[in-house]
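What follows is the content of coords-v2.tsv (TSV, C-alpha atoms).
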chain	number	residue	atom	x	y	z
F	1	MET	CA	2.80	24.67	21.49
F	2	PRO	CA	-0.64	26.17	22.19
F	3	PRO	CA	-3.02	26.52	19.25
F	4	ASP	CA	-3.75	29.81	17.60
F	5	GLU	CA	-6.08	31.66	19.94
F	6	ARG	CA	-6.95	34.36	17.43
F	7	ALA	CA	-9.14	31.95	15.47
F	8	THR	CA	-12.32	31.84	17.48
F	9	PRO	CA	-14.52	28.87	16.55
F	10	SER	CA	-17.87	29.93	15.18
F	11	GLY	CA	-19.82	26.74	15.96
F	12	PRO	CA	-19.91	23.89	18.41
F	13	SER	CA	-16.61	22.17	19.06
F	14	ARG	CA	-18.09	18.76	18.23
F	15	ARG	CA	-19.87	19.56	14.98
F	16	ASP	CA	-20.77	16.42	13.05
F	17	PRO	CA	-19.13	16.20	9.62
F	18	VAL	CA	-22.43	16.29	7.69
F	19	VAL	CA	-20.83	17.25	4.37
F	20	LEU	CA	-18.23	14.50	4.77
F	21	TRP	CA	-20.97	11.95	5.50
F	22	ILE	CA	-22.89	12.99	2.38
F	23	VAL	CA	-19.78	12.84	0.19
F	24	ALA	CA	-18.82	9.46	1.68
F	25	ALA	CA	-22.34	8.10	1.10
F	26	VAL	CA	-22.38	9.30	-2.53
F	27	LEU	CA	-18.93	7.81	-3.12
F	28	LEU	CA	-19.98	4.51	-1.53
F	29	VAL	CA	-23.00	4.28	-3.84
F	30	ALA	CA	-20.75	5.13	-6.79
F	31	ARG	CA	-18.25	2.51	-5.61
F	32	VAL	CA	-20.89	-0.24	-5.56
F	33	ALA	CA	-22.34	0.87	-8.91
F	34	THR	CA	-18.96	1.08	-10.67
F	35	GLY	CA	-17.93	-2.21	-9.05
F	36	ILE	CA	-20.96	-3.98	-10.48
F	37	TYR	CA	-20.49	-2.31	-13.89
F	38	GLU	CA	-16.78	-3.10	-14.11
F	39	GLU	CA	-17.43	-6.68	-13.02
F	40	LYS	CA	-19.48	-7.06	-16.21
F	41	HIS	CA	-17.37	-4.79	-18.42
F	42	PRO	CA	-13.81	-4.99	-17.05
F	43	PRO	CA	-11.62	-2.10	-18.28
F	44	THR	CA	-8.83	-4.35	-19.47
F	45	LYS	CA	-5.96	-4.01	-21.86
F	46	PRO	CA	-3.58	-6.72	-23.04
F	47	ASP	CA	-1.17	-8.15	-20.48
F	48	LEU	CA	2.08	-6.22	-21.01
F	49	MET	CA	4.41	-8.57	-19.13
F	50	SER	CA	7.02	-10.48	-21.06
F	51	TRP	CA	6.22	-13.80	-19.40
F	52	VAL	CA	8.85	-16.48	-19.75
F	53	PRO	CA	7.89	-20.18	-19.96
F	54	ALA	CA	8.65	-22.00	-16.69
F	55	GLY	CA	10.97	-24.48	-18.40
F	56	VAL	CA	13.13	-21.74	-19.95
F	57	ALA	CA	13.22	-19.39	-16.95
F	58	PRO	CA	16.15	-20.95	-15.00
F	59	ALA	CA	18.44	-20.74	-18.02
F	60	GLN	CA	17.36	-17.15	-18.68
F	61	SER	CA	17.85	-16.33	-15.00
F	62	ALA	CA	21.42	-17.64	-15.14
F	63	ALA	CA	22.13	-15.82	-18.39
F	64	THR	CA	20.77	-12.46	-17.22
F	65	ASN	CA	21.77	-12.76	-13.54
F	66	LYS	CA	18.20	-11.95	-12.51
F	67	PRO	CA	16.14	-13.95	-10.04
F	68	ILE	CA	12.92	-15.61	-11.18
F	69	LEU	CA	9.53	-14.28	-10.10
F	70	TYR	CA	6.90	-17.02	-10.03
F	71	ASP	CA	3.36	-15.66	-10.11
F	72	PHE	CA	1.09	-18.51	-9.04
F	73	SER	CA	-2.47	-17.60	-9.94
F	74	ALA	CA	-5.78	-19.00	-11.13
F	75	ALA	CA	-8.42	-17.77	-13.56
F	76	TRP	CA	-11.12	-17.70	-10.87
F	77	CYS	CA	-9.01	-15.76	-8.35
F	78	GLY	CA	-10.29	-12.18	-7.87
F	79	PRO	CA	-7.12	-10.67	-6.36
F	80	CYS	CA	-5.11	-12.22	-9.24
F	81	GLN	CA	-7.32	-10.31	-11.70
F	82	THR	CA	-6.89	-7.11	-9.71
F	83	MET	CA	-3.13	-7.61	-9.79
F	84	GLU	CA	-3.22	-8.23	-13.55
F	85	ARG	CA	-5.22	-5.05	-14.08
F	86	GLU	CA	-3.16	-2.85	-11.77
F	87	VAL	CA	0.33	-4.20	-12.46
F	88	PHE	CA	0.63	-6.42	-15.52
F	89	GLU	CA	-1.49	-4.18	-17.78
F	90	ASP	CA	0.43	-1.11	-16.65
F	91	ARG	CA	3.23	-0.42	-19.12
F	92	LYS	CA	5.53	1.24	-16.59
F	93	LEU	CA	5.10	-1.28	-13.78
F	94	ALA	CA	5.27	-4.24	-16.14
F	95	SER	CA	8.54	-3.01	-17.63
F	96	SER	CA	9.93	-2.21	-14.17
F	97	ILE	CA	9.26	-5.76	-13.01
F	98	SER	CA	10.86	-7.19	-16.12
F	99	THR	CA	14.05	-5.22	-15.48
F	100	PHE	CA	14.45	-6.84	-12.06
F	101	VAL	CA	13.28	-10.42	-12.54
F	102	VAL	CA	12.54	-13.13	-15.05
F	103	PRO	CA	8.73	-13.30	-14.70
F	104	VAL	CA	6.98	-16.66	-14.89
F	105	HIS	CA	3.19	-16.96	-14.88
F	106	VAL	CA	2.02	-20.26	-13.38
F	107	VAL	CA	-1.74	-20.69	-13.79
F	108	ASP	CA	-3.57	-23.32	-11.75
F	109	ARG	CA	-6.13	-25.13	-13.92
F	110	SER	CA	-7.17	-27.84	-11.45
F	111	ARG	CA	-10.57	-26.29	-10.94
F	112	GLU	CA	-11.35	-25.95	-14.64
F	113	ASP	CA	-9.62	-29.05	-16.05
F	114	GLY	CA	-9.55	-31.27	-12.96
F	115	HIS	CA	-5.73	-31.41	-13.01
F	116	ASN	CA	-2.60	-29.40	-13.69
F	117	SER	CA	0.38	-30.15	-15.88
F	118	ALA	CA	3.24	-31.98	-14.16
F	119	LEU	CA	5.40	-28.85	-14.28
F	120	VAL	CA	2.74	-26.68	-12.61
F	121	ASP	CA	2.11	-29.33	-9.94
F	122	SER	CA	5.82	-29.67	-9.31
F	123	LEU	CA	6.37	-25.90	-8.99
F	124	GLN	CA	3.36	-25.55	-6.68
F	125	HIS	CA	4.64	-28.42	-4.53
F	126	VAL	CA	8.22	-27.11	-4.36
F	127	HIS	CA	7.07	-23.63	-3.32
F	128	GLY	CA	4.30	-24.83	-1.00
F	129	VAL	CA	1.56	-22.97	-2.84
F	130	ASN	CA	-1.84	-23.26	-1.17
F	131	ALA	CA	-3.32	-19.85	-1.92
F	132	PHE	CA	-3.58	-17.53	-4.91
F	133	PRO	CA	-1.91	-15.35	-5.83
F	134	THR	CA	1.36	-16.55	-4.36
F	135	LEU	CA	4.43	-14.66	-5.52
F	136	VAL	CA	7.81	-16.28	-5.08
F	137	ILE	CA	11.21	-14.84	-5.96
F	138	VAL	CA	13.73	-17.58	-6.60
F	139	GLY	CA	17.48	-17.03	-6.77
F	140	ALA	CA	19.87	-18.43	-9.33
F	141	ASP	CA	20.40	-21.45	-7.04
F	142	GLY	CA	16.73	-22.40	-7.38
F	143	LYS	CA	15.99	-21.61	-3.74
F	144	ALA	CA	13.19	-19.23	-2.75
F	145	ILE	CA	14.50	-15.88	-1.50
F	146	ASP	CA	11.15	-14.49	-0.41
F	147	HIS	CA	7.47	-15.01	-1.04
F	148	ILE	CA	4.15	-13.23	-0.60
F	149	GLU	CA	0.72	-14.78	-0.28
F	150	GLY	CA	-2.06	-12.56	-1.59
F	151	TYR	CA	-1.89	-9.35	-3.60
F	152	PRO	CA	-0.31	-6.64	-1.45
F	153	GLY	CA	-1.20	-3.70	-3.75
F	154	ALA	CA	0.63	-2.43	-6.83
F	155	HIS	CA	3.15	-0.23	-5.02
F	156	GLU	CA	4.08	-2.76	-2.38
F	157	PHE	CA	4.35	-5.49	-5.00
F	158	VAL	CA	6.69	-3.56	-7.30
F	159	SER	CA	8.71	-2.26	-4.36
F	160	TRP	CA	9.02	-5.80	-2.98
F	161	VAL	CA	10.18	-7.15	-6.36
F	162	ALA	CA	12.75	-4.35	-6.71
F	163	THR	CA	14.20	-4.63	-3.19
F	164	THR	CA	14.22	-8.43	-3.04
F	165	SER	CA	15.84	-8.83	-6.44
F	166	THR	CA	18.44	-6.18	-5.65
F	167	LYS	CA	19.19	-7.88	-2.34
F	168	SER	CA	19.59	-11.24	-4.07
F	169	ARG	CA	22.08	-9.81	-6.53
F	170	LEU	CA	24.20	-8.47	-3.69
F	171	VAL	CA	24.77	-11.99	-2.33
F	172	PRO	CA	28.08	-13.12	-3.84
F	173	GLY	CA	28.89	-16.61	-5.06
F	174	ALA	CA	25.42	-17.74	-5.95
F	175	PRO	CA	25.54	-21.40	-6.97
F	176	LYS	CA	24.60	-22.70	-10.42
F	177	PRO	CA	20.93	-22.87	-11.37
F	178	MET	CA	19.02	-26.00	-10.35
F	179	PHE	CA	17.64	-26.61	-13.85
F	180	PRO	CA	20.14	-26.59	-16.72
E	1	MET	CA	-6.08	25.98	8.23
E	2	ASN	CA	-4.43	26.15	11.66
E	3	ARG	CA	-0.68	26.11	11.07
E	4	THR	CA	0.05	25.76	14.78
E	5	LEU	CA	-1.83	22.46	14.97
E	6	LEU	CA	0.11	21.11	11.99
E	7	VAL	CA	3.51	22.20	13.31
E	8	ALA	CA	2.85	21.01	16.86
E	9	PHE	CA	1.81	17.56	15.66
E	10	LEU	CA	4.81	17.20	13.36
E	11	ARG	CA	7.15	18.38	16.11
E	12	GLN	CA	5.70	15.74	18.43
E	13	ARG	CA	6.14	13.03	15.77
E	14	PHE	CA	9.70	13.92	14.77
E	15	THR	CA	10.97	14.13	18.34
E	16	SER	CA	9.99	10.53	19.04
E	17	PRO	CA	13.14	8.37	18.70
E	18	MET	CA	11.05	5.27	18.04
E	19	ARG	CA	9.21	6.88	15.15
E	20	VAL	CA	12.39	8.37	13.66
E	21	GLY	CA	14.05	4.95	13.89
E	22	LEU	CA	11.13	3.29	12.11
E	23	LEU	CA	11.11	6.03	9.48
E	24	LEU	CA	14.80	5.41	8.81
E	25	ILE	CA	14.15	1.70	8.40
E	26	VAL	CA	11.32	2.14	5.90
E	27	THR	CA	13.15	4.78	3.86
E	28	VAL	CA	16.85	3.94	3.82
E	29	PHE	CA	16.59	0.43	2.40
E	30	PRO	CA	14.26	1.29	-0.52
E	31	LEU	CA	16.46	4.30	-1.27
E	32	GLY	CA	19.56	2.09	-1.29
E	33	ALA	CA	17.80	-0.44	-3.49
E	34	ALA	CA	16.70	2.29	-5.93
E	35	ILE	CA	20.25	3.64	-6.17
E	36	LEU	CA	21.85	0.20	-6.54
E	37	ALA	CA	19.30	-0.98	-9.07
E	38	ASN	CA	19.36	2.34	-10.94
E	39	ASP	CA	15.55	2.35	-10.98
E	40	LEU	CA	13.02	4.34	-8.97
E	41	ALA	CA	10.59	1.42	-8.64
E	42	ALA	CA	11.81	0.51	-5.16
E	43	LEU	CA	10.52	3.89	-3.95
E	44	ALA	CA	6.94	3.11	-4.92
E	45	GLY	CA	6.13	1.65	-1.51
E	46	PRO	CA	7.44	3.80	1.39
E	47	ALA	CA	4.81	6.61	1.32
E	48	SER	CA	2.12	4.43	2.82
E	49	ALA	CA	4.43	3.07	5.54
E	50	ILE	CA	5.66	6.58	6.39
E	51	ALA	CA	2.08	7.82	6.72
E	52	LEU	CA	1.21	4.86	8.97
E	53	ILE	CA	4.20	5.50	11.23
E	54	LEU	CA	3.42	9.21	11.52
E	55	SER	CA	-0.32	8.85	12.07
E	56	ALA	CA	-0.20	5.90	14.49
E	57	GLY	CA	-1.58	7.01	17.84
E	58	ALA	CA	-2.54	10.43	16.41
E	59	ILE	CA	-5.56	10.71	18.71
E	60	GLY	CA	-5.38	7.75	21.09
E	61	GLN	CA	-1.87	8.44	22.33
E	62	ASP	CA	-2.74	12.01	23.34
E	63	VAL	CA	-6.00	10.90	24.93
E	64	SER	CA	-4.10	8.37	27.05
E	65	SER	CA	-1.45	10.87	28.07
E	66	GLY	CA	-3.98	13.60	28.84
E	67	THR	CA	-2.52	16.04	26.32
E	68	LEU	CA	-5.66	16.22	24.24
E	69	GLN	CA	-7.81	17.18	27.22
E	70	LEU	CA	-5.56	20.21	27.70
E	71	LEU	CA	-5.48	21.03	23.98
E	72	LEU	CA	-9.28	21.01	23.72
E	73	VAL	CA	-9.55	23.64	26.45
E	74	ARG	CA	-8.32	25.96	23.69
E	75	PRO	CA	-10.70	27.26	21.01
E	76	VAL	CA	-10.21	24.40	18.58
E	77	SER	CA	-12.88	21.93	17.54
E	78	ARG	CA	-12.41	18.18	17.67
E	79	PRO	CA	-12.95	17.70	13.91
E	80	SER	CA	-10.32	20.35	13.30
E	81	VAL	CA	-7.79	18.57	15.53
E	82	LEU	CA	-8.38	15.27	13.76
E	83	LEU	CA	-8.26	16.72	10.26
E	84	HIS	CA	-5.09	18.69	10.99
E	85	ARG	CA	-3.38	15.58	12.35
E	86	TRP	CA	-4.36	13.62	9.27
E	87	LEU	CA	-3.20	16.43	7.01
E	88	ALA	CA	0.11	16.81	8.86
E	89	SER	CA	0.81	13.09	8.45
E	90	VAL	CA	0.06	13.29	4.72
E	91	ILE	CA	2.19	16.41	4.19
E	92	ALA	CA	5.13	14.87	6.05
E	93	ALA	CA	4.83	11.54	4.24
E	94	VAL	CA	4.69	13.25	0.85
E	95	GLY	CA	7.58	15.53	1.82
E	96	ILE	CA	9.79	12.62	2.87
E	97	THR	CA	8.88	10.72	-0.31
E	98	MET	CA	9.79	13.78	-2.39
E	99	VAL	CA	13.19	13.94	-0.68
E	100	LEU	CA	13.73	10.22	-1.34
E	101	LEU	CA	12.76	10.63	-4.99
E	102	LEU	CA	15.03	13.66	-5.31
E	103	LEU	CA	18.02	11.78	-3.83
E	104	ALA	CA	17.36	8.75	-6.01
E	105	THR	CA	16.97	10.95	-9.09
E	106	LEU	CA	20.30	12.66	-8.36
E	107	ALA	CA	21.93	9.25	-7.94
E	108	LEU	CA	20.43	8.08	-11.23
E	109	LEU	CA	21.64	11.22	-12.99
E	110	ALA	CA	25.10	10.60	-11.54
E	111	HIS	CA	24.93	7.14	-13.15
E	112	LYS	CA	23.95	8.86	-16.42
E	113	THR	CA	20.40	7.49	-16.27
E	114	GLN	CA	17.66	10.01	-16.93
E	115	PRO	CA	14.46	9.11	-15.10
E	116	SER	CA	11.28	9.96	-16.94
E	117	ALA	CA	9.55	13.14	-15.72
E	118	LEU	CA	6.19	11.43	-16.22
E	119	ASP	CA	7.26	8.58	-13.95
E	120	LEU	CA	8.30	11.04	-11.27
E	121	VAL	CA	4.98	12.89	-11.47
E	122	ARG	CA	3.11	9.63	-11.32
E	123	MET	CA	5.10	8.38	-8.33
E	124	MET	CA	4.43	11.63	-6.48
E	125	LEU	CA	0.69	11.49	-7.18
E	126	GLU	CA	0.51	7.86	-6.14
E	127	ALA	CA	2.56	8.53	-3.01
E	128	ALA	CA	0.17	11.35	-2.05
E	129	CYS	CA	-2.87	9.10	-2.55
E	130	SER	CA	-1.32	6.21	-0.60
E	131	ALA	CA	-0.30	8.52	2.23
E	132	ALA	CA	-3.73	10.18	2.38
E	133	GLY	CA	-5.48	6.79	2.43
E	134	SER	CA	-3.26	5.07	4.98
E	135	ALA	CA	-3.20	8.09	7.30
E	136	ALA	CA	-7.01	8.42	7.16
E	137	VAL	CA	-7.46	4.77	8.14
E	138	MET	CA	-4.89	4.96	10.93
E	139	VAL	CA	-6.32	8.21	12.34
E	140	MET	CA	-9.78	6.61	12.33
E	141	LEU	CA	-8.46	3.55	14.20
E	142	SER	CA	-6.71	5.90	16.59
E	143	THR	CA	-10.05	7.37	17.67
E	144	LEU	CA	-11.30	3.92	18.63
E	145	VAL	CA	-8.59	2.88	21.10
E	146	GLY	CA	-6.14	4.51	23.47
E	147	GLY	CA	-2.35	4.69	23.21
E	148	ILE	CA	-1.02	3.11	20.05
E	149	GLY	CA	-3.69	0.42	20.17
E	150	ASP	CA	-4.55	1.47	16.62
E	151	VAL	CA	-1.36	-0.23	15.45
E	152	GLY	CA	-2.54	-3.43	17.15
E	153	LEU	CA	-5.96	-3.09	15.51
E	154	PHE	CA	-4.37	-2.49	12.12
E	155	VAL	CA	-1.98	-5.44	12.39
E	156	ALA	CA	-4.72	-7.72	13.76
E	157	ALA	CA	-7.05	-6.74	10.90
E	158	MET	CA	-4.29	-7.42	8.37
E	159	ILE	CA	-3.47	-10.82	9.88
E	160	VAL	CA	-7.11	-11.91	10.15
E	161	THR	CA	-7.81	-10.76	6.58
E	162	GLN	CA	-4.73	-12.59	5.35
E	163	MET	CA	-5.83	-15.76	7.16
E	164	PHE	CA	-9.34	-15.60	5.72
E	165	SER	CA	-7.91	-14.79	2.32
E	166	GLY	CA	-5.71	-17.89	2.48
E	167	LEU	CA	-8.69	-19.97	3.58
E	168	ALA	CA	-10.81	-18.57	0.77
E	169	MET	CA	-8.14	-19.40	-1.78
E	170	LEU	CA	-7.66	-22.88	-0.36
E	171	GLU	CA	-11.37	-23.66	-0.38
E	172	HIS	CA	-12.06	-21.66	-3.56
E	173	TRP	CA	-14.61	-19.44	-1.80
E	174	GLU	CA	-14.77	-16.58	-4.25
E	175	VAL	CA	-17.08	-14.35	-2.21
E	176	LEU	CA	-14.84	-14.54	0.85
E	177	ALA	CA	-11.74	-13.98	-1.29
E	178	ARG	CA	-13.36	-10.90	-2.83
E	179	ALA	CA	-14.42	-9.63	0.61
E	180	CYS	CA	-10.88	-10.07	1.95
E	181	ASN	CA	-9.52	-8.24	-1.07
E	182	GLU	CA	-11.88	-5.33	-0.40
E	183	VAL	CA	-10.93	-5.23	3.30
E	184	GLN	CA	-7.25	-5.18	2.37
E	185	GLY	CA	-8.02	-2.34	-0.04
E	186	VAL	CA	-9.75	-0.46	2.78
E	187	LEU	CA	-6.83	-0.97	5.17
E	188	SER	CA	-4.29	0.19	2.62
E	189	PRO	CA	-6.04	2.44	0.07
E	190	GLN	CA	-4.06	3.14	-3.08
E	191	LEU	CA	-4.83	4.81	-6.37
E	192	SER	CA	-2.96	4.25	-9.60
E	193	TRP	CA	-2.44	7.24	-11.89
E	194	ALA	CA	-1.24	5.11	-14.78
E	195	TRP	CA	-4.51	5.79	-16.64
E	196	MET	CA	-3.64	9.48	-16.86
E	197	LEU	CA	0.09	9.26	-17.53
E	198	HIS	CA	0.67	5.87	-19.13
E	199	GLY	CA	-2.58	5.21	-20.96
E	200	THR	CA	-3.84	2.20	-18.99
E	201	PRO	CA	-7.63	1.78	-18.79
E	202	LEU	CA	-9.39	4.14	-16.42
E	203	SER	CA	-11.11	2.29	-13.57
E	204	TRP	CA	-13.83	4.37	-11.93
E	205	PHE	CA	-14.20	1.62	-9.35
E	206	ALA	CA	-10.59	2.15	-8.23
E	207	ILE	CA	-11.13	5.91	-7.99
E	208	THR	CA	-14.41	5.68	-6.07
E	209	SER	CA	-12.99	2.94	-3.83
E	210	TRP	CA	-10.06	5.09	-2.80
E	211	ALA	CA	-12.09	8.28	-2.37
E	212	SER	CA	-14.91	6.59	-0.43
E	213	THR	CA	-12.43	4.88	1.89
E	214	VAL	CA	-10.68	8.15	2.71
E	215	THR	CA	-13.87	10.17	3.26
E	216	LEU	CA	-15.57	7.41	5.22
E	217	ALA	CA	-12.52	6.86	7.44
E	218	LEU	CA	-12.35	10.57	8.22
E	219	ALA	CA	-16.11	10.84	8.82
E	220	VAL	CA	-16.13	7.81	11.14
E	221	GLY	CA	-13.03	9.10	12.91
E	222	ILE	CA	-14.60	12.52	13.52
E	223	ALA	CA	-17.94	11.04	14.62
E	224	ARG	CA	-16.21	8.70	17.07
E	225	PHE	CA	-13.89	11.42	18.36
E	226	ASN	CA	-16.87	13.77	18.89
E	227	ARG	CA	-18.58	11.18	21.06
E	228	ARG	CA	-15.54	10.27	23.08
E	229	GLU	CA	-15.53	11.20	26.76
E	230	LEU	CA	-12.26	12.95	27.44
E	231	SER	CA	-12.67	14.23	30.99
E	232	TYR	CA	-10.09	13.06	33.50
E	233	ALA	CA	-12.93	11.54	35.54
E	234	ALA	CA	-13.72	9.23	32.62
E	235	GLY	CA	-10.34	7.70	32.50
Would you write out, as structure tokens, the structure that this file holds?
Amino acid sequence: MPPDERATPSGPSRRDPVVLWIVAAVLLVARVATGIYEEKHPPTKPDLMSWVPAGVAPAQSAATNKPILYDFSAAWCGPCQTMEREVFEDRKLASSISTFVVPVHVVDRSREDGHNSALVDSLQHVHGVNAFPTLVIVGADGKAIDHIEGYPGAHEFVSWVATTSTKSRLVPGAPKPMFP
Amino acid sequence: MNRTLLVAFLRQRFTSPMRVGLLLIVTVFPLGAAILANDLAALAGPASAIALILSAGAIGQDVSSGTLQLLLVRPVSRPSVLLHRWLASVIAAVGITMVLLLLATLALLAHKTQPSALDLVRMMLEAACSAAGSAAVMVMLSTLVGGIGDVGLFVAAMIVTQMFSGLAMLEHWEVLARACNEVQGVLSPQLSWAWMLHGTPLSWFAITSWASTVTLALAVGIARFNRRELSYAAG
């Protein structure tokens, strides 16, 4: 369809977006400034997730018929902090996640303490964790259904949790949990 | 606003069987999951994917086919063409997301579950921001390469960033990890509205990050498009 010919352009057809450049430059400066400020004064609220201890999670998974979400993270990991701020401190998203999965927070302390607990090491080994954050959804049979390396963004993360957990519940005859 | 440019672009997008097929894939499964799970959370993601599908090849595909050379004979400026294509992608992505949310809400009501109005408003606002961000980035990439090479650029950038991110995590290189996180944020800009509707802390960094990414992507896209040689002799 041809464009509207009644609207005659008043300027050159390749006018540079000067206003857009100025706005973008101002926003970039603001982005750097707020980034530096929030690095020093993070706008945080308490974590709103109902984390379940790793040892208890399989039993709770079996009882509630929900898969387990393992969130492998570390204190020094920047994307993990972003995820905490954008998802776990958000009342709505945190409660949404809890309705779909049994959430388990597995924090790597090898950098700070020189070693991890046996349980953390074992979970990291079983799920082949070599980057943070790694998010693994495990079915009632103890086998990983799906996993993500890195923080994909709040929307993608919640959507992934919802679709993967729903899919897992549609698979009939799931075996007994690995850990009693 | 030139309505003809918007309608023509949307008509072109929705008559492509490949695009319609991809749109069905990225919408039907989350909708099914939302209905089965009786929760709207599964619909938090599709807006960005819809915008990417609609805006892929927005400029490059028409340059390669020669359509844009003919269009620019008409009294329309290049920035106007680019901005209208971006806007059309955003409007369509938000429209499709609204339909998905409406269908899911009806299904929830049929199951006697009342979704929160605040949640719906928030999901719409976040879908609009995701769509605007993703479409701006894809339209910008589309000015850099011909055909749907922008999809290749986008996927390659995602893979490379993911690889470097994994390396940074493995080696505990915080600066690289942070840089990868920023690049991922630029490739897929999102903005949470939880601060306004659910009382989470307001992050000005998140707001300025999203807004600067969108404006910069559009400015770069227009600047590149303005300097692009479109004559048949050039190709």
**Pick from E:Leu6, E:His172, E:Leu102, E:Asp39, whichever lies nearest to F:Ser110 using all atoms listed in the file** =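 Comparing E:Leu6, E:His172, E:Leu102, E:Asp39 against F:Ser110, the winner is E:His172.
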**Asked** With all atoms listed in the file as the atoms that count, which of F:Ala62, F:Val126, F:Ile68, F:Ala94 lies nearest to chain E?
**Response** F:Ala94
**Asked** Restricting the calculation to only C-alpha atoms, which member of F:Glu84, F:Asp16, F:Asp113, F:Asp146 is positioned closest to chain E?
**Response** F:Asp16
**Prompt:** Neighbours of E:Met124 within 8 Å (all atoms listed in the file; same-chain residues fewer than 5 positions away dropped), as a list in words?
**Reply:**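 Residues near the query, excluding close chain neighbours: Val94, Thr97 and Met98 of chain E.
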Once you have the residues from the selection above, write them out as a compact mmCIF listing (two decimals), in the coordinates of the input, restricted to C-alpha atoms.
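For reference, again_6.txt as written:
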# COMPACT_ATOMS: atom_id res chain seq x y z
CA VAL E 94 4.69 13.25 0.85
CA THR E 97 8.88 10.72 -0.31
CA MET E 98 9.79 13.78 -2.39
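Taking atom CA of E:Met169 and atom CA of F:Pro133 as the two end points, the separation is 8.5 Å.
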**Residues near stretch 27-31 of chain F, cut-off 9 Å, all atoms listed in the file, skip fewer than 5 positions along chain, as number ranges by chain** = F: 22, 36; E: 204-209, 211-213, 215-216
**Item:** One-decimal distance in Å that lies between atom CA of F:Ala75 and atom CA of F:Ser122
**Value:** 19.0 Å
**Item:** Contacts of stretch 30-36 of chain E at 9 Å (all atoms listed in the file; same-chain gap of 6+ positions) as a list in words
**Value:**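 So, after excluding close chain neighbours, the residues are Ser159, Ala162, Thr163, Thr164, Thr166 and Lys167 of chain F; Ala42, Leu43, Ala44, Gly45, Pro46, Leu100, Leu101, Leu103, Ala104, Thr105, Ala107 and Leu108 of chain E.
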**Request:** Give the answer as one residue: which of E:Asn226, E:Thr4, E:Asn38, E:Ser89 has the shortest atom-to-atom distance to E:His111, using only C-alpha atoms?
**Result:**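 Among E:Asn226, E:Thr4, E:Asn38, E:Ser89, it is E:Asn38 that comes nearest to E:His111.
Pairwise distance (atom CA of E:Phe225, atom CA of E:Ser48) equals 23.4 Å.
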**Message:** Taking 5 positions as the minimum chain separation for residues in the same chain, which residues sit within 12 Å of F:Thr134 when counting all atoms listed in the file? Answer as a PyMOL selection string.
**Reply:** (chain F and resi 69-74+77+79-80+83+104-108+123-124+127-129+146-152+157) or (chain E and resi 165-166+169-170)
**Message:** Neighbouring residues of E:Leu83 were defined as those with any atom within 12 Å, considering all atoms listed in the file; residues of the same chain fewer than 5 positions away were excluded. Please report them as a PyMOL selection string.
**Reply:** (chain F and resi 17+20) or (chain E and resi 1-2+5-6+9+55+58-59+76-78+88-90+132+135-136+139-140+214-215+217-222+225)
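With distances restricted to only C-alpha atoms, F:Ser50 is the closest residue to F:Val102 from F:Ser50, F:Asn116, F:Asn130, F:Gln81.
Among the candidates E:Leu120, E:Arg19, E:Leu70, E:Val26, the residue lying nearest to E:Leu40 is E:Leu120 (atoms considered: all atoms listed in the file).
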Dump as CSV the rows for residues of stretch 99-166 of chain E within 9 Å of stretch 176-198 of chain E: closest atom pair and distance in Å with one decimal, all atoms listed in the file counted, ordered by chain and rising residue number.
residue,atom,partner,partner_atom,distance
E:Leu118,CA,E:Leu197,CA,6.6
E:Asp119,CA,E:Leu197,CA,8.0
E:Val121,CA,E:Leu197,CA,8.6
E:Arg122,CA,E:Trp193,CA,6.1
E:Met123,CA,E:Trp193,CA,8.4
E:Leu125,CA,E:Trp193,CA,7.1
E:Glu126,CA,E:Ser192,CA,6.1
E:Ala127,CA,E:Gln190,CA,8.5
E:Cys129,CA,E:Leu191,CA,6.1
E:Ser130,CA,E:Gln190,CA,4.8
E:Ala131,CA,E:Gln190,CA,8.4
E:Ala132,CA,E:Pro189,CA,8.4
E:Gly133,CA,E:Pro189,CA,5.0
E:Ser134,CA,E:Ser188,CA,5.5
E:Val137,CA,E:Leu187,CA,6.5
E:Met138,CA,E:Leu187,CA,8.5
E:Phe154,CA,E:Leu187,CA,7.5
E:Ala157,CA,E:Leu187,CA,8.1
E:Met158,CA,E:Gln184,CA,7.1
E:Thr161,CA,E:Cys180,CA,5.6
E:Gln162,CA,E:Cys180,CA,7.5
E:Phe164,CA,E:Cys180,CA,6.9
E:Ser165,CA,E:Ala177,CA,5.3
E:Gly166,CA,E:Ala177,CA,8.1
